[in-house]
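> My questions will all concern the structure given below.
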Amino acid sequence: MTGSRTAARGRRGKEIWQLIHFERAVLATDLAYLSEEQWSTSSLCSELTVREVLAHLTAGASLDSVRWLAGVLRCRFDFDQQVAMRLAEQLGASPAETLERFRHVVASTTKPPLPVIAMLGETIVHGEDIRRPLGIHRDYPIGTVTQVADHYRDSDLVVLAKGRVRGLRLVARDGPFTSGAGPLVSGTTVALVMAMTGRASYLDDLEGDGVDLLRRRCGTGTA
């Protein structure tokens, strides 16, 4: 029985890596013809530009557990400093180099000490951090974003999500995702994922009695 569970987890992990690789490849294609000005556009990710978020994704795909721990020790457990240091390593001398470095890790299975599903979540969320300000729309496979939504509703790892939606009923109107009980928050699965991870600009895409509470939890309203 233990062997069967291990094999099933292995197959599951392989399937998720395939989704990650596909989403990375689509993002690289979406960014292939950006202007210099577009690369400098502010992303949805706390004071980072589009180019810097892409470098952050490259860093995540280049950093194994040993290098991650070494960086944590070097930065004296300042995790924000570790993120900034690794981002700078992957930024390159120009936007073209930033994009080329990302292309180089599209098929990587290297990761920090995180579950594989968390890497898929990072790919989707940071992809939207980049695409939304640039006006690029991505129709994600509903199965992919549903898995990401299922992950975030049960996790406060890396980003507060579970705590942000506690006491709310989330319902996707484009797929099977539902979660919780309480005041309703309804919208596309992508919008729910982005709101769960604190991206306030997606709140206007949501409906229901629970949106105001979620807005306050995202830091865009009165407490």
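Naming works like this for the structure tokens: A, B, ... for the chains as they're shown, residue 1 at the start of each chain, ligands 1 onward in shown order.
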So that I can see what lies close to Thr189 in chain A, please list as a PyMOL selection string the residues with an atom at most 12 Å from it, counting only C-alpha atoms and leaving out residues fewer than 2 positions away in the same chain.

chain A and resi 124-125+139-150+152-153+170-179+185-187+191-196+202+205-206

> Within 9 Å of range 156-167 of chain A, which residues of range 173-219 of chain A come that close, and what is the closest atom pair and distance in Å for each? Count only C-alpha atoms and give it as JSON lines.


```
{"residue": "A:Gly180", "atom": "CA", "partner": "A:Gly167", "partner_atom": "CA", "distance": 6.6}
{"residue": "A:Ala181", "atom": "CA", "partner": "A:Gly167", "partner_atom": "CA", "distance": 5.9}
{"residue": "A:Gly182", "atom": "CA", "partner": "A:Gly167", "partner_atom": "CA", "distance": 5.3}
{"residue": "A:Pro183", "atom": "CA", "partner": "A:Gly167", "partner_atom": "CA", "distance": 7.4}
{"residue": "A:Val193", "atom": "CA", "partner": "A:Ala161", "partner_atom": "CA", "distance": 8.8}
{"residue": "A:Ala195", "atom": "CA", "partner": "A:Ala161", "partner_atom": "CA", "distance": 8.6}
{"residue": "A:Met196", "atom": "CA", "partner": "A:Ala161", "partner_atom": "CA", "distance": 5.0}
{"residue": "A:Thr197", "atom": "CA", "partner": "A:Ala161", "partner_atom": "CA", "distance": 5.4}
{"residue": "A:Gly198", "atom": "CA", "partner": "A:Ala161", "partner_atom": "CA", "distance": 7.6}
{"residue": "A:Leu214", "atom": "CA", "partner": "A:Val165", "partner_atom": "CA", "distance": 6.9}
{"residue": "A:Arg217", "atom": "CA", "partner": "A:Arg164", "partner_atom": "CA", "distance": 6.1}
{"residue": "A:Cys218", "atom": "CA", "partner": "A:Arg164", "partner_atom": "CA", "distance": 7.6}
```

> Would you save the residues of that selection, restricted to C-alpha atoms, as a compact mmCIF listing (two decimals), in the first residue's frame?


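And here's part-v8.txt as it stands now:
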```txt
# COMPACT_ATOMS: atom_id res chain seq x y z
CA GLY A 180 -15.77 27.33 2.69
CA ALA A 181 -18.94 28.69 4.18
CA GLY A 182 -20.10 32.23 4.88
CA PRO A 183 -20.61 35.37 2.80
CA VAL A 193 -6.83 32.71 -6.95
CA ALA A 195 -7.68 37.62 -4.66
CA MET A 196 -6.74 34.77 -2.33
CA THR A 197 -3.09 35.74 -2.78
CA GLY A 198 -3.78 39.41 -2.04
CA LEU A 214 -12.00 40.16 1.32
CA ARG A 217 -8.18 41.56 4.19
CA CYS A 218 -6.27 42.51 1.06
```

> Would you mind listing what lies within 10 Å of Leu44 in chain A as number ranges by chain, with only C-alpha atoms counted and same-chain residues fewer than 4 positions away left out?

A: 48-50, 53, 125-133, 198-201

> Give the answer as one residue: which of A:Leu57, A:Leu134, A:Ile117, A:Val106 has the shortest atom-to-atom distance to Ala25 in chain A, using only C-alpha atoms?

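Closest residue, counting only C-alpha atoms: A:Val106.
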
> Could you tell me, as a PyMOL selection string, which residues of range 28-166 of chain A DSSP assigns to helix (DSSP H, G or I) when given the backbone?

chain A and resi 28-30+36-39+50-60+65-74+79-91+95-104+116-134+142-153

> Identify all residues of range 19-215 of chain A in strand (DSSP E) (DSSP on the backbone) and supply them as JSON, numbers by chain.

{"A": [169, 170, 171, 172, 178, 179, 184, 185, 186, 187]}

> Could you turn the residues from that selection into a file that holds N, CA, C and O atoms, as a compact mmCIF listing (two decimals), in the first residue's frame?


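The new file result-v1.txt reads:
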```
# COMPACT_ATOMS: atom_id res chain seq x y z
N ARG A 169 -17.35 32.00 1.59
CA ARG A 169 -17.72 30.94 0.65
C ARG A 169 -17.28 31.37 -0.74
O ARG A 169 -17.77 32.36 -1.28
N LEU A 170 -16.34 30.64 -1.30
CA LEU A 170 -15.81 30.95 -2.62
C LEU A 170 -16.45 30.03 -3.65
O LEU A 170 -16.49 28.82 -3.45
N VAL A 171 -16.92 30.61 -4.74
CA VAL A 171 -17.56 29.83 -5.80
C VAL A 171 -17.05 30.32 -7.15
O VAL A 171 -17.22 31.49 -7.50
N ALA A 172 -16.44 29.42 -7.91
CA ALA A 172 -16.01 29.76 -9.27
C ALA A 172 -17.19 29.64 -10.22
O ALA A 172 -17.92 28.66 -10.18
N THR A 178 -15.10 25.27 -5.39
CA THR A 178 -15.88 25.88 -4.31
C THR A 178 -15.12 25.67 -3.01
O THR A 178 -14.35 24.71 -2.88
N SER A 179 -15.34 26.53 -2.06
CA SER A 179 -14.62 26.41 -0.79
C SER A 179 -15.33 27.18 0.29
O SER A 179 -15.83 28.28 0.06
N LEU A 184 -20.72 35.12 0.40
CA LEU A 184 -20.31 34.63 -0.92
C LEU A 184 -19.30 35.54 -1.59
O LEU A 184 -19.42 36.77 -1.57
N VAL A 185 -18.31 34.93 -2.21
CA VAL A 185 -17.40 35.60 -3.15
C VAL A 185 -17.38 34.73 -4.40
O VAL A 185 -16.99 33.57 -4.36
N SER A 186 -17.81 35.31 -5.52
CA SER A 186 -17.94 34.55 -6.76
C SER A 186 -17.23 35.25 -7.90
O SER A 186 -17.23 36.48 -7.99
N GLY A 187 -16.63 34.46 -8.79
CA GLY A 187 -15.97 35.02 -9.97
C GLY A 187 -15.24 33.92 -10.71
O GLY A 187 -15.42 32.74 -10.43
```
